[in-house]
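A.B. asks: Structure incoming, see below.
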Amino acid sequence: MKDSEEGTGRAAPSRRKDAQRNKEALLDAAAAVFVASGVEAPVRDIAARAGVGLGTIYRHFPTRADLIIAVYRHQVDACAEAGPALLETSASPCAALGEWINRFVDFLVTKHGLAAVLQSDNAGFETLHAYFLDRLVPVCTDLLDAAAAAGEIRSDLTAYELMRGVGNLCVGAESDPRYDARRLVELLVAGLRRL
């Protein structure tokens, strides 16, 4: 009996990990479809991209709003988790900051359609915006502090100010092919460097 209990103990966490990976793959697929086709894209397109059936999507996300909120939170979490990893693997703290800002720009440009839909539910949007700030401002602060401590950048800018500036530079970038938000953000970040 003990062997079968141990086998069962190992199978349950393995199934949970598989289910979590499948859910993350589904959220990645939904984000990609939303970027390509907008948040009103057919759920079948998301299912096809994720390689799952429609029932799987509806089991995890009974409504489109549930899916949109989950995609938004998933993208915030991915951006937040990238910060510490970049500090560990980049050539310098300033390089980590630059790469993180690039990812932040990607997030901002691709989330625009999500935010527009979410703003129709003001209370829900405010909750998600607070989640966004709670998760990302500390990560950006750590990156700024590390780069300033290394003497690579000036230290008189807060994470909130930088993120707000980057956000403002990204407004409208997804709908104007003549405007390169990333180029302007690179100029902004370059302005942080110590001369």
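Identifiers in this document derive from the order of the structure tokens: chains are assigned A, B, ..., residues are numbered from 1 separately in each chain, and ligands are numbered from 1 in order of occurrence.
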Would you write out, as CSV, a table of all residues in range 62-97 of chain A that have an atom no more than 10 Å from an atom of range 148-171 of chain A, listing for each the closest atom pair and the distance in Å to one decimal, considering only C-alpha atoms and ordering rows by chain and rising residue number?

C.D. replies:
residue,atom,partner,partner_atom,distance
A:Ser92,CA,A:Ala150,CA,8.4
A:Pro93,CA,A:Ala150,CA,7.3
A:Cys94,CA,A:Glu152,CA,6.3
A:Ala95,CA,A:Glu152,CA,9.6

A.B. asks: I need the residues in range 14-184 of chain A that are alpha helix (DSSP H) according to DSSP; give them as a ChimeraX atom specification.

C.D. replies: /A:14-37,43-50,54-60,64-89,93-118,122-149,159-170,181-184

A.B. asks: Taking 4 positions as the minimum chain separation for residues in the same chain, which residues sit within 10 Å of Gly51 in chain A when counting only C-alpha atoms? Answer as a list of chain:residue names.

C.D. replies: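 Within the cut-off, the hits are A:Asn22, A:Ala25, A:Leu26, A:Ala29, A:Asp45, A:Ile46, A:Ala47.
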
A.B. asks: For Ala85 in chain A, please output as a list in words all residues within 10 Å (counting only C-alpha atoms; exclusion window: fewer than 4 positions along the same chain).

C.D. replies: Ala80, Glu81, Thr89, Ser90, Ala96 and Trp100 of chain A

A.B. asks: Looking at A:Leu54, A:Val43, A:Ile68, A:Ala19, which one is nearest to Leu128 in chain A, with distances taken over only C-alpha atoms?

C.D. replies: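 For Leu128 in chain A, the nearest of the given residues is A:Ile68.
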
A.B. asks: Calculate how many Å separate CA of Glu99 in chain A from CA of Glu174 in chain A, rounding to one decimal.

C.D. replies: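 Computing the Euclidean distance for CA of Glu99 in chain A and CA of Glu174 in chain A yields 20.0 Å.
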
A.B. asks: State, in Å with one decimal place, the distance from CA of Asp106 in chain A to CA of Leu184 in chain A.

C.D. replies: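 Rounded to one decimal, the two atoms are 13.6 Å apart.
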
A.B. asks: What is the CA of Ala30 in chain A-CA of Gly53 in chain A distance in Å, reported with one decimal?

C.D. replies: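 A separation of 13.3 Å between them.
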